[in-house]
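*Asks:* Contents of data22.cif (mmCIF, C-alpha atoms, pLDDT in the B column; chains and numbers go by the auth columns) are given next:
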```cif
data_target
loop_
_atom_site.group_PDB
_atom_site.id
_atom_site.type_symbol
_atom_site.label_atom_id
_atom_site.label_comp_id
_atom_site.label_asym_id
_atom_site.label_seq_id
_atom_site.Cartn_x
_atom_site.Cartn_y
_atom_site.Cartn_z
_atom_site.B_iso_or_equiv
_atom_site.auth_seq_id
_atom_site.auth_asym_id
ATOM 1 C CA MET A 1 -5.502 -25.005 23.128 84.00 120 I
ATOM 2 C CA ALA A 2 -2.727 -22.498 22.418 96.00 121 I
ATOM 3 C CA ARG A 3 -3.645 -19.678 20.084 98.00 122 I
ATOM 4 C CA VAL A 4 -2.266 -19.557 16.534 98.00 123 I
ATOM 5 C CA ALA A 5 -0.119 -16.552 15.639 99.00 124 I
ATOM 6 C CA ILE A 6 1.181 -15.458 12.248 99.00 125 I
ATOM 7 C CA VAL A 7 4.300 -13.310 12.100 99.00 126 I
ATOM 8 C CA THR A 8 4.936 -11.940 8.621 98.00 127 I
ATOM 9 C CA GLY A 9 8.580 -11.572 7.707 98.00 128 I
ATOM 10 C CA GLY A 10 9.112 -13.835 10.675 98.00 129 I
ATOM 11 C CA THR A 11 12.230 -15.755 9.728 98.00 130 I
ATOM 12 C CA ARG A 12 14.894 -13.098 10.244 96.00 131 I
ATOM 13 C CA GLY A 13 15.673 -9.948 12.209 96.00 132 I
ATOM 14 C CA ILE A 14 12.928 -8.493 14.377 98.00 133 I
ATOM 15 C CA GLY A 15 10.397 -10.903 12.889 98.00 134 I
ATOM 16 C CA ALA A 16 12.387 -13.960 13.915 98.00 135 I
ATOM 17 C CA ALA A 17 12.816 -12.548 17.417 98.00 136 I
ATOM 18 C CA ILE A 18 9.046 -12.050 17.631 98.00 137 I
ATOM 19 C CA ALA A 19 8.362 -15.559 16.348 98.00 138 I
ATOM 20 C CA ARG A 20 10.754 -17.072 18.895 98.00 139 I
ATOM 21 C CA CYS A 21 9.324 -14.966 21.715 98.00 140 I
ATOM 22 C CA LEU A 22 5.726 -15.928 20.960 98.00 141 I
ATOM 23 C CA ALA A 23 6.642 -19.600 20.585 98.00 142 I
ATOM 24 C CA ALA A 24 8.389 -19.482 23.963 98.00 143 I
ATOM 25 C CA GLY A 25 5.226 -17.938 25.367 98.00 144 I
ATOM 26 C CA GLY A 26 3.136 -20.891 24.291 98.00 145 I
ATOM 27 C CA TYR A 27 1.699 -19.659 21.011 98.00 146 I
ATOM 28 C CA ARG A 28 1.609 -21.869 17.944 98.00 147 I
ATOM 29 C CA VAL A 29 3.548 -19.712 15.517 98.00 148 I
ATOM 30 C CA ALA A 30 3.639 -19.543 11.742 98.00 149 I
ATOM 31 C CA ALA A 31 6.474 -17.381 10.385 98.00 150 I
ATOM 32 C CA THR A 32 6.159 -16.180 6.803 98.00 151 I
ATOM 33 C CA TYR A 33 8.908 -15.329 4.366 98.00 152 I
ATOM 34 C CA VAL A 34 9.199 -14.584 0.683 97.00 153 I
ATOM 35 C CA GLY A 35 12.846 -14.793 -0.338 91.00 154 I
ATOM 36 C CA ASN A 36 15.481 -16.456 1.825 92.00 155 I
ATOM 37 C CA GLU A 37 14.557 -20.123 1.958 95.00 156 I
ATOM 38 C CA ALA A 38 17.795 -21.171 3.671 96.00 157 I
ATOM 39 C CA THR A 39 17.218 -18.785 6.577 96.00 158 I
ATOM 40 C CA ALA A 40 13.639 -19.991 6.953 98.00 159 I
ATOM 41 C CA ALA A 41 14.721 -23.630 6.930 98.00 160 I
ATOM 42 C CA ALA A 42 17.376 -22.919 9.548 98.00 161 I
ATOM 43 C CA LEU A 43 14.837 -21.238 11.841 98.00 162 I
ATOM 44 C CA HIS A 44 12.467 -24.158 11.509 98.00 163 I
ATOM 45 C CA LYS A 45 15.216 -26.704 12.165 98.00 164 I
ATOM 46 C CA GLU A 46 16.473 -24.856 15.231 97.00 165 I
ATOM 47 C CA THR A 47 13.137 -23.941 16.824 98.00 166 I
ATOM 48 C CA GLY A 48 10.431 -26.085 15.265 98.00 167 I
ATOM 49 C CA ILE A 49 8.536 -22.924 14.297 98.00 168 I
ATOM 50 C CA ALA A 50 6.445 -23.580 11.193 98.00 169 I
ATOM 51 C CA VAL A 51 7.479 -21.513 8.175 98.00 170 I
ATOM 52 C CA PHE A 52 5.316 -20.630 5.190 98.00 171 I
ATOM 53 C CA ARG A 53 6.344 -18.919 1.981 98.00 172 I
ATOM 54 C CA TRP A 54 4.188 -16.289 0.324 98.00 173 I
ATOM 55 C CA ASP A 55 4.338 -12.669 -0.806 98.00 174 I
ATOM 56 C CA VAL A 56 2.383 -10.514 1.651 98.00 175 I
ATOM 57 C CA ALA A 57 2.038 -7.824 -1.022 98.00 176 I
ATOM 58 C CA ASP A 58 -0.177 -10.241 -3.009 98.00 177 I
ATOM 59 C CA TYR A 59 -3.730 -10.492 -1.652 98.00 178 I
ATOM 60 C CA ALA A 60 -4.494 -13.846 -3.267 98.00 179 I
ATOM 61 C CA ALA A 61 -1.231 -15.288 -1.942 98.00 180 I
ATOM 62 C CA CYS A 62 -2.116 -14.068 1.558 98.00 181 I
ATOM 63 C CA GLU A 63 -5.554 -15.641 1.315 98.00 182 I
ATOM 64 C CA ALA A 64 -4.082 -18.997 0.289 98.00 183 I
ATOM 65 C CA GLY A 65 -1.331 -18.676 2.903 98.00 184 I
ATOM 66 C CA VAL A 66 -3.688 -18.047 5.803 98.00 185 I
ATOM 67 C CA GLN A 67 -5.802 -20.996 4.702 98.00 186 I
ATOM 68 C CA ALA A 68 -2.672 -23.173 4.679 98.00 187 I
ATOM 69 C CA VAL A 69 -1.720 -22.042 8.191 98.00 188 I
ATOM 70 C CA GLU A 70 -5.186 -22.693 9.573 98.00 189 I
ATOM 71 C CA LYS A 71 -5.248 -26.111 7.936 98.00 190 I
ATOM 72 C CA ALA A 72 -1.812 -26.998 9.302 98.00 191 I
ATOM 73 C CA PHE A 73 -2.766 -26.024 12.860 98.00 192 I
ATOM 74 C CA ALA A 74 -6.406 -27.089 12.595 98.00 193 I
ATOM 75 C CA ALA A 75 -7.315 -23.794 14.258 98.00 194 I
ATOM 76 C CA PRO A 76 -8.028 -20.189 13.279 98.00 195 I
ATOM 77 C CA VAL A 77 -5.540 -17.343 13.448 98.00 196 I
ATOM 78 C CA ASP A 78 -6.137 -15.265 16.587 98.00 197 I
ATOM 79 C CA VAL A 79 -2.898 -13.270 16.577 99.00 198 I
ATOM 80 C CA LEU A 80 -1.404 -11.409 13.617 99.00 199 I
ATOM 81 C CA VAL A 81 1.888 -9.538 13.654 99.00 200 I
ATOM 82 C CA ASN A 82 2.375 -7.500 10.484 98.00 201 I
ATOM 83 C CA ASN A 83 6.137 -7.214 10.507 98.00 202 I
ATOM 84 C CA ALA A 84 7.187 -7.788 6.880 98.00 203 I
ATOM 85 C CA GLY A 85 8.852 -4.879 5.163 96.00 204 I
ATOM 86 C CA ILE A 86 11.517 -3.803 2.706 95.00 205 I
ATOM 87 C CA THR A 87 13.494 -0.684 1.874 95.00 206 I
ATOM 88 C CA ARG A 88 14.299 0.770 -1.547 97.00 207 I
ATOM 89 C CA ASP A 89 16.067 3.949 -0.523 96.00 208 I
ATOM 90 C CA SER A 90 16.524 6.909 -2.825 97.00 209 I
ATOM 91 C CA MET A 91 16.079 10.658 -2.735 98.00 210 I
ATOM 92 C CA LEU A 92 12.645 11.455 -4.165 98.00 211 I
ATOM 93 C CA HIS A 93 14.011 13.316 -7.175 98.00 212 I
ATOM 94 C CA LYS A 94 15.800 10.105 -8.155 98.00 213 I
ATOM 95 C CA MET A 95 13.245 7.546 -6.937 98.00 214 I
ATOM 96 C CA SER A 96 11.628 5.355 -9.556 98.00 215 I
ATOM 97 C CA PRO A 97 7.907 4.548 -9.541 98.00 216 I
ATOM 98 C CA GLN A 98 8.919 0.918 -9.028 98.00 217 I
ATOM 99 C CA GLN A 99 10.875 1.771 -5.866 98.00 218 I
ATOM 100 C CA TRP A 100 7.844 3.630 -4.528 98.00 219 I
ATOM 101 C CA ASP A 101 5.338 0.919 -5.445 98.00 220 I
ATOM 102 C CA GLN A 102 7.440 -1.954 -4.073 98.00 221 I
ATOM 103 C CA VAL A 103 7.815 -0.393 -0.627 98.00 222 I
ATOM 104 C CA ILE A 104 4.200 0.739 -0.323 98.00 223 I
ATOM 105 C CA ALA A 105 3.018 -2.730 -1.353 98.00 224 I
ATOM 106 C CA ALA A 106 5.352 -4.725 0.899 98.00 225 I
ATOM 107 C CA ASP A 107 5.205 -2.460 3.946 98.00 226 I
ATOM 108 C CA LEU A 108 1.701 -0.953 3.958 98.00 227 I
ATOM 109 C CA THR A 109 -0.603 -2.816 1.579 98.00 228 I
ATOM 110 C CA SER A 110 0.541 -6.045 3.214 98.00 229 I
ATOM 111 C CA CYS A 111 -1.044 -4.850 6.480 98.00 230 I
ATOM 112 C CA PHE A 112 -4.374 -4.457 4.686 98.00 231 I
ATOM 113 C CA ASN A 113 -4.020 -7.819 2.944 98.00 232 I
ATOM 114 C CA MET A 114 -3.284 -9.839 6.050 99.00 233 I
ATOM 115 C CA SER A 115 -5.627 -7.977 8.386 99.00 234 I
ATOM 116 C CA ARG A 116 -8.505 -8.087 5.908 98.00 235 I
ATOM 117 C CA ILE A 117 -8.216 -11.854 5.623 98.00 236 I
ATOM 118 C CA VAL A 118 -8.192 -12.619 9.371 98.00 237 I
ATOM 119 C CA ILE A 119 -10.425 -9.842 10.719 98.00 238 I
ATOM 120 C CA GLY A 120 -13.721 -11.497 9.818 98.00 239 I
ATOM 121 C CA GLY A 121 -12.975 -14.613 11.832 98.00 240 I
ATOM 122 C CA MET A 122 -11.689 -12.574 14.745 98.00 241 I
ATOM 123 C CA ARG A 123 -14.925 -10.572 14.801 98.00 242 I
ATOM 124 C CA GLU A 124 -17.033 -13.729 14.741 98.00 243 I
ATOM 125 C CA ARG A 125 -15.078 -15.291 17.626 98.00 244 I
ATOM 126 C CA GLY A 126 -14.956 -12.080 19.670 98.00 245 I
ATOM 127 C CA PHE A 127 -11.200 -12.130 20.077 98.00 246 I
ATOM 128 C CA GLY A 128 -8.152 -10.987 18.143 98.00 247 I
ATOM 129 C CA ARG A 129 -4.768 -9.372 18.516 99.00 248 I
ATOM 130 C CA ILE A 130 -3.136 -7.452 15.675 99.00 249 I
ATOM 131 C CA VAL A 131 0.229 -5.726 16.033 99.00 250 I
ATOM 132 C CA ASN A 132 1.653 -3.678 13.173 99.00 251 I
ATOM 133 C CA VAL A 133 5.378 -2.948 13.105 98.00 252 I
ATOM 134 C CA SER A 134 6.019 0.651 12.060 98.00 253 I
ATOM 135 C CA SER A 135 9.285 2.586 12.491 97.00 254 I
ATOM 136 C CA ILE A 136 10.829 5.670 14.020 97.00 255 I
ATOM 137 C CA ASN A 137 11.203 6.905 10.445 96.00 256 I
ATOM 138 C CA GLY A 138 7.442 6.779 10.011 97.00 257 I
ATOM 139 C CA GLN A 139 7.199 9.197 12.928 98.00 258 I
ATOM 140 C CA LYS A 140 9.978 11.661 12.174 96.00 259 I
ATOM 141 C CA GLY A 141 10.865 11.037 8.512 96.00 260 I
ATOM 142 C CA GLN A 142 14.274 10.237 7.047 94.00 261 I
ATOM 143 C CA LEU A 143 16.350 11.439 4.137 95.00 262 I
ATOM 144 C CA GLY A 144 16.136 9.108 1.172 97.00 263 I
ATOM 145 C CA GLN A 145 13.127 7.252 2.554 97.00 264 I
ATOM 146 C CA THR A 146 10.001 9.055 1.388 98.00 265 I
ATOM 147 C CA ASN A 147 8.568 5.694 0.324 98.00 266 I
ATOM 148 C CA TYR A 148 9.459 3.878 3.556 98.00 267 I
ATOM 149 C CA ALA A 149 8.473 6.797 5.812 98.00 268 I
ATOM 150 C CA ALA A 150 5.136 7.147 4.013 98.00 269 I
ATOM 151 C CA ALA A 151 4.412 3.435 4.374 98.00 270 I
ATOM 152 C CA LYS A 152 5.393 3.303 8.040 98.00 271 I
ATOM 153 C CA ALA A 153 3.419 6.475 8.823 98.00 272 I
ATOM 154 C CA GLY A 154 0.474 4.973 6.986 98.00 273 I
ATOM 155 C CA ILE A 155 0.638 1.967 9.286 98.00 274 I
ATOM 156 C CA LEU A 156 0.010 4.245 12.269 98.00 275 I
ATOM 157 C CA GLY A 157 -3.175 5.661 10.762 98.00 276 I
ATOM 158 C CA PHE A 158 -4.268 2.198 9.662 98.00 277 I
ATOM 159 C CA THR A 159 -3.734 0.932 13.219 99.00 278 I
ATOM 160 C CA LYS A 160 -5.858 3.648 14.810 98.00 279 I
ATOM 161 C CA ALA A 161 -8.729 3.287 12.349 98.00 280 I
ATOM 162 C CA LEU A 162 -8.834 -0.505 12.579 99.00 281 I
ATOM 163 C CA ALA A 163 -8.637 -0.295 16.364 99.00 282 I
ATOM 164 C CA LEU A 164 -11.750 1.897 16.390 98.00 283 I
ATOM 165 C CA GLU A 165 -13.575 -0.496 14.080 98.00 284 I
ATOM 166 C CA SER A 166 -12.649 -3.573 16.079 98.00 285 I
ATOM 167 C CA ALA A 167 -12.697 -2.575 19.756 98.00 286 I
ATOM 168 C CA ALA A 168 -16.290 -3.628 20.431 98.00 287 I
ATOM 169 C CA LYS A 169 -15.521 -7.087 19.015 98.00 288 I
ATOM 170 C CA GLY A 170 -12.766 -7.947 21.491 98.00 289 I
ATOM 171 C CA ILE A 171 -9.999 -7.228 18.999 98.00 290 I
ATOM 172 C CA THR A 172 -7.059 -4.975 19.834 98.00 291 I
ATOM 173 C CA VAL A 173 -4.939 -3.345 17.149 99.00 292 I
ATOM 174 C CA ASN A 174 -1.683 -1.695 18.151 99.00 293 I
ATOM 175 C CA ALA A 175 1.584 -0.580 16.595 98.00 294 I
ATOM 176 C CA VAL A 176 5.207 -0.781 17.606 98.00 295 I
ATOM 177 C CA ALA A 177 7.609 1.822 16.226 98.00 296 I
ATOM 178 C CA PRO A 178 11.189 0.597 16.691 97.00 297 I
ATOM 179 C CA GLY A 179 14.159 2.861 16.390 96.00 298 I
ATOM 180 C CA TYR A 180 17.480 1.588 15.111 93.00 299 I
ATOM 181 C CA VAL A 181 17.745 -2.092 15.988 95.00 300 I
ATOM 182 C CA MET A 182 20.686 -4.331 15.160 91.00 301 I
ATOM 183 C CA THR A 183 19.297 -6.476 12.346 87.00 302 I
ATOM 184 C CA ASP A 184 20.536 -7.581 8.929 79.00 303 I
ATOM 185 C CA MET A 185 18.951 -4.449 7.440 70.00 304 I
ATOM 186 C CA VAL A 186 20.934 -2.195 9.780 76.00 305 I
ATOM 187 C CA ALA A 187 24.106 -4.286 9.651 77.00 306 I
ATOM 188 C CA VAL A 188 24.777 -3.175 6.065 79.00 307 I
ATOM 189 C CA VAL A 189 25.197 0.415 7.275 80.00 308 I
ATOM 190 C CA PRO A 190 28.919 1.362 7.418 84.00 309 I
ATOM 191 C CA PRO A 191 30.394 1.125 10.953 87.00 310 I
ATOM 192 C CA GLU A 192 31.187 4.837 11.106 87.00 311 I
ATOM 193 C CA ALA A 193 27.576 5.642 10.225 82.00 312 I
ATOM 194 C CA LEU A 194 26.296 3.213 12.876 85.00 313 I
ATOM 195 C CA ALA A 195 28.545 4.851 15.456 87.00 314 I
ATOM 196 C CA LYS A 196 27.113 8.251 14.527 88.00 315 I
ATOM 197 C CA ILE A 197 23.561 6.898 14.839 87.00 316 I
ATOM 198 C CA ALA A 198 24.318 5.366 18.245 91.00 317 I
ATOM 199 C CA SER A 199 25.763 8.670 19.449 93.00 318 I
ATOM 200 C CA GLN A 200 22.393 10.321 18.746 93.00 319 I
ATOM 201 C CA ILE A 201 20.463 7.773 20.828 97.00 320 I
ATOM 202 C CA PRO A 202 20.189 8.847 24.472 97.00 321 I
ATOM 203 C CA VAL A 203 20.690 5.310 25.805 97.00 322 I
ATOM 204 C CA GLY A 204 23.912 5.174 23.784 94.00 323 I
ATOM 205 C CA ARG A 205 23.307 2.038 21.761 93.00 324 I
ATOM 206 C CA LEU A 206 21.175 0.376 19.119 94.00 325 I
ATOM 207 C CA GLY A 207 18.245 -1.765 20.141 97.00 326 I
ATOM 208 C CA ASN A 208 18.123 -5.541 20.366 97.00 327 I
ATOM 209 C CA PRO A 209 15.453 -7.454 18.396 98.00 328 I
ATOM 210 C CA ASP A 210 14.393 -9.246 21.587 98.00 329 I
ATOM 211 C CA GLU A 211 13.455 -5.898 23.132 98.00 330 I
ATOM 212 C CA ILE A 212 10.937 -5.326 20.349 98.00 331 I
ATOM 213 C CA ALA A 213 9.705 -8.912 20.568 98.00 332 I
ATOM 214 C CA ASN A 214 8.931 -8.531 24.268 98.00 333 I
ATOM 215 C CA ILE A 215 6.709 -5.530 23.516 98.00 334 I
ATOM 216 C CA VAL A 216 4.798 -7.529 20.925 98.00 335 I
ATOM 217 C CA ARG A 217 4.325 -10.425 23.332 98.00 336 I
ATOM 218 C CA PHE A 218 2.886 -7.993 25.883 98.00 337 I
ATOM 219 C CA LEU A 219 0.474 -6.460 23.372 98.00 338 I
ATOM 220 C CA VAL A 220 -0.922 -9.805 22.183 98.00 339 I
ATOM 221 C CA ALA A 221 -1.480 -11.212 25.680 98.00 340 I
ATOM 222 C CA GLU A 222 -4.936 -12.243 26.823 97.00 341 I
ATOM 223 C CA ASP A 223 -4.940 -9.692 29.639 97.00 342 I
ATOM 224 C CA THR A 224 -3.978 -6.569 27.687 97.00 343 I
ATOM 225 C CA GLY A 225 -7.369 -6.022 26.096 98.00 344 I
ATOM 226 C CA PHE A 226 -7.641 -2.433 27.329 98.00 345 I
ATOM 227 C CA ILE A 227 -4.732 -1.302 25.148 98.00 346 I
ATOM 228 C CA THR A 228 -5.790 -0.611 21.577 98.00 347 I
ATOM 229 C CA GLY A 229 -4.983 2.010 18.965 98.00 348 I
ATOM 230 C CA ALA A 230 -1.679 2.663 20.711 98.00 349 I
ATOM 231 C CA THR A 231 1.771 3.149 19.250 98.00 350 I
ATOM 232 C CA ILE A 232 4.578 1.914 21.486 98.00 351 I
ATOM 233 C CA THR A 233 7.827 3.660 20.635 97.00 352 I
ATOM 234 C CA ALA A 234 11.039 1.755 21.310 98.00 353 I
ATOM 235 C CA ASN A 235 13.913 3.896 20.147 97.00 354 I
ATOM 236 C CA GLY A 236 16.165 4.482 23.136 97.00 355 I
ATOM 237 C CA GLY A 237 14.843 8.022 23.540 97.00 356 I
ATOM 238 C CA GLN A 238 15.954 9.111 20.071 96.00 357 I
ATOM 239 C CA TYR A 239 12.499 10.409 19.181 95.00 358 I
ATOM 240 C CA MET A 240 9.883 11.116 21.826 93.00 359 I
ATOM 241 C CA THR A 241 6.195 11.661 21.058 82.00 360 I
#
```
With the file now loaded, output its structure as structure tokens.
*Replies:*
Amino acid sequence: MARVAIVTGGTRGIGAAIARCLAAGGYRVAATYVGNEATAAALHKETGIAVFRWDVADYAACEAGVQAVEKAFAAPVDVLVNNAGITRDSMLHKMSPQQWDQVIAADLTSCFNMSRIVIGGMRERGFGRIVNVSSINGQKGQLGQTNYAAAKAGILGFTKALALESAAKGITVNAVAPGYVMTDMVAVVPPEALAKIASQIPVGRLGNPDEIANIVRFLVAEDTGFITGATITANGGQYMT
């Protein structure tokens, strides 16, 4: 039977591309969302991908949500893609504690919440795939994003530590660090600013969400069990590690 995959923040942008890609690859996909019900309903209507609403920053909500997914599919979750995230940009000297807390909770604590809930079952079954979506700005930093950069950098350390803990149990834990990808989040950037960003990317363009989704599909495959603790950068050469 096809494995069950959860993609958090999976109804728009990179998350929706990942959900579609995994569904096309034969996975039974649950895409989570917290705010935009119309977008989630449209994805479900178009693709048949199951959508579930809960706040990944809330541990109890994640616990109930995972239980609902496993009940709906009558199977455990074997693949988790921690993609959900928000931005609340501000220079640090103007950033409010709320802006800091919201981003850390939604972008980093959510990875703990979701992984903590599924990891026990994965260990018992001797199989699991976890992919955490970080960012180029977690690798090199960015003006006005101390909260976001800290959260996305934290994901990289979280990935490596959990990979070490889980490797002997048949579980791989990897990260993807996208550069600037054309999503709703990036689309709000003024055109002149986007043109300047693109000019700084060696390949000369922004990324496509499907390019990130294809990396995730590779990392969660049955036959990629020797890759764990890795960070795959996909930024058009803008930042090389």
*Asks:* Using all atoms listed in the file, can you tell me which of I:Ile205, I:Ala286, I:Ala332, I:Leu338 comes closest to I:Gln218?
*Replies:* I:Ile205
*Asks:* Please indicate the distance in Å from atom CA of I:Pro309 to atom CA of I:Leu325, rounded to one decimal place.
*Replies:*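 Between atom CA of I:Pro309 and atom CA of I:Leu325 the gap is 14.1 Å.
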*Asks:* For the structure provided, state which residues fall under the PyMOL selection byres ((chain I and resi 228) around 10), and present them as a PyMOL selection string.
*Replies:* chain I and resi 175-178+220-227+229-234+270+273-274
*Asks:* Choose the residue, out of I:Ala314, I:Gly323, I:Ile346, I:Lys259, that has the smallest atom-to-atom separation from I:Leu283; count all atoms listed in the file.
*Replies:* I:Ile346
*Asks:* Do you know which residues are at most 12 Å from I:Leu162 counting all atoms listed in the file, after dropping those on the same chain fewer than 3 positions away, and could you put them as a PDB file with C-alpha atoms, in the coordinates of the input?
*Replies:*
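Full text of out_22.pdb as output:
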```pdb
ATOM      1  CA  GLY I 129       9.112 -13.835  10.675  1.00 98.00           C
ATOM      2  CA  THR I 130      12.230 -15.755   9.728  1.00 98.00           C
ATOM      3  CA  ARG I 131      14.894 -13.098  10.244  1.00 96.00           C
ATOM      4  CA  GLY I 132      15.673  -9.948  12.209  1.00 96.00           C
ATOM      5  CA  GLY I 134      10.397 -10.903  12.889  1.00 98.00           C
ATOM      6  CA  ALA I 135      12.387 -13.960  13.915  1.00 98.00           C
ATOM      7  CA  ALA I 136      12.816 -12.548  17.417  1.00 98.00           C
ATOM      8  CA  ALA I 138       8.362 -15.559  16.348  1.00 98.00           C
ATOM      9  CA  ARG I 139      10.754 -17.072  18.895  1.00 98.00           C
ATOM     10  CA  VAL I 148       3.548 -19.712  15.517  1.00 98.00           C
ATOM     11  CA  ALA I 149       3.639 -19.543  11.742  1.00 98.00           C
ATOM     12  CA  ALA I 150       6.474 -17.381  10.385  1.00 98.00           C
ATOM     13  CA  THR I 151       6.159 -16.180   6.803  1.00 98.00           C
ATOM     14  CA  TYR I 152       8.908 -15.329   4.366  1.00 98.00           C
ATOM     15  CA  ASN I 155      15.481 -16.456   1.825  1.00 92.00           C
ATOM     16  CA  GLU I 156      14.557 -20.123   1.958  1.00 95.00           C
ATOM     17  CA  ALA I 157      17.795 -21.171   3.671  1.00 96.00           C
ATOM     18  CA  THR I 158      17.218 -18.785   6.577  1.00 96.00           C
ATOM     19  CA  ALA I 159      13.639 -19.991   6.953  1.00 98.00           C
ATOM     20  CA  GLU I 165      16.473 -24.856  15.231  1.00 97.00           C
ATOM     21  CA  THR I 166      13.137 -23.941  16.824  1.00 98.00           C
ATOM     22  CA  GLY I 167      10.431 -26.085  15.265  1.00 98.00           C
ATOM     23  CA  ILE I 168       8.536 -22.924  14.297  1.00 98.00           C
ATOM     24  CA  ALA I 169       6.445 -23.580  11.193  1.00 98.00           C
ATOM     25  CA  VAL I 170       7.479 -21.513   8.175  1.00 98.00           C
ATOM     26  CA  PHE I 171       5.316 -20.630   5.190  1.00 98.00           C
TER      27      PHE I 171
END
```
*Asks:* So which one's closest to I:Thr302, I:Ile331, I:Leu262, I:Val198, I:Val237? Using only C-alpha atoms, please.
*Replies:*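 Once distances to I:Thr302 are computed over only C-alpha atoms, the minimum belongs to I:Ile331.
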*Asks:* Could you tell me, as a list in words, exactly which residues end up selected when the PyMOL selection byres ((chain I and resi 210) around 12) is applied to this structure?
*Replies:* Arg207, Asp208, Ser209, Leu211, His212, Lys213, Met214, Ser215, Gln218, Trp219, Gln261, Leu262, Gly263, Gln264, Thr265, Asn266 and Tyr267 of chain I
*Asks:* What lies within 6 Å of I:Lys271 using all atoms listed in the file, ignoring chain neighbours under 3 positions off, as a ChimeraX atom specification?
*Replies:* /I:253-254,257,268,274
*Asks:* If you apply the PyMOL selection byres ((chain I and resi 299) around 12) to this file, what residues do you get, as a ChimeraX atom specification?
*Replies:* /I:133,253-256,296-298,300-306,308,312-320,322-328,330-331,352-358
*Asks:* What's the separation between atom CA of I:Glu189 and atom CA of I:Ala124, in Å to one decimal place?
*Replies:*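 If I compute the distance from atom CA of I:Glu189 to atom CA of I:Ala124, I get 10.0 Å.
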*Asks:* One decimal, Å: what's the distance from atom CA of I:Arg336 over to atom CA of I:Lys164, could you say?
*Replies:*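 Separation of atom CA of I:Arg336 and atom CA of I:Lys164: 22.5 Å.
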*Asks:* Rank nothing, just name the residue among I:Thr360, I:Ala121, I:Thr127, I:Val196 nearest to I:Gly144, using only C-alpha atoms.
*Replies:*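 Using only C-alpha atoms, I:Gly144 sits closest to I:Ala121.
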*Asks:* Using all atoms listed in the file, which residues sit within 8 Å of I:Gly247 once same-chain residues fewer than 3 positions away are excluded, as a short mmCIF file (atom, residue, chain, number, x, y, z; two decimals) with C-alpha atoms, in the coordinates of the input?
*Replies:*
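Saved result, result-v5.cif, follows:
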```
data_model
loop_
_atom_site.label_atom_id
_atom_site.label_comp_id
_atom_site.auth_asym_id
_atom_site.auth_seq_id
_atom_site.Cartn_x
_atom_site.Cartn_y
_atom_site.Cartn_z
CA ASP I 197 -6.14 -15.26 16.59
CA VAL I 198 -2.90 -13.27 16.58
CA ILE I 238 -10.42 -9.84 10.72
CA MET I 241 -11.69 -12.57 14.74
CA ARG I 242 -14.92 -10.57 14.80
CA GLY I 289 -12.77 -7.95 21.49
CA ILE I 290 -10.00 -7.23 19.00
CA THR I 291 -7.06 -4.97 19.83
#
```
*Asks:* From the set I:Ala294, I:Ile125, I:Ala340, I:Ala191, which residue has the shortest atom-to-atom contact distance to I:Val250, counting only C-alpha atoms?
*Replies:*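 Counting only C-alpha atoms, the residue closest to I:Val250 is I:Ala294.
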*Asks:* Considering only C-alpha atoms, state which residue in the set I:Thr350, I:Ile236, I:Asn201, I:Pro310 is at the smallest distance from I:Ala282.
*Replies:*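 So, comparing all the options, the nearest one is I:Thr350.
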*Asks:* Can you take stretch 175-185 of chain I from the block and write N, CA and C atoms as a compact mmCIF listing (two decimals), in the first residue's frame?
*Replies:*
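After the write, selection.txt holds the following:
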```txt
# COMPACT_ATOMS: atom_id res chain seq x y z
N VAL I 175 0.48 24.36 13.00
CA VAL I 175 1.64 23.53 13.31
C VAL I 175 2.50 24.10 14.43
N ALA I 176 2.22 25.33 14.85
CA ALA I 176 2.93 25.90 15.99
C ALA I 176 2.33 25.44 17.32
N ASP I 177 1.22 24.73 17.27
CA ASP I 177 0.48 24.27 18.45
C ASP I 177 0.66 22.76 18.57
N TYR I 178 1.36 22.30 19.60
CA TYR I 178 1.67 20.88 19.73
C TYR I 178 0.41 20.03 19.82
N ALA I 179 -0.55 20.45 20.63
CA ALA I 179 -1.77 19.67 20.79
C ALA I 179 -2.54 19.58 19.48
N ALA I 180 -2.54 20.68 18.72
CA ALA I 180 -3.23 20.67 17.42
C ALA I 180 -2.53 19.71 16.46
N CYS I 181 -1.21 19.67 16.51
CA CYS I 181 -0.46 18.74 15.65
C CYS I 181 -0.78 17.29 16.03
N GLU I 182 -0.84 17.03 17.32
CA GLU I 182 -1.14 15.68 17.79
C GLU I 182 -2.50 15.22 17.28
N ALA I 183 -3.50 16.10 17.43
CA ALA I 183 -4.85 15.77 16.96
C ALA I 183 -4.87 15.67 15.43
N GLY I 184 -4.12 16.53 14.76
CA GLY I 184 -4.09 16.52 13.30
C GLY I 184 -3.49 15.25 12.73
N VAL I 185 -2.39 14.81 13.30
CA VAL I 185 -1.75 13.57 12.83
C VAL I 185 -2.69 12.39 13.06
```
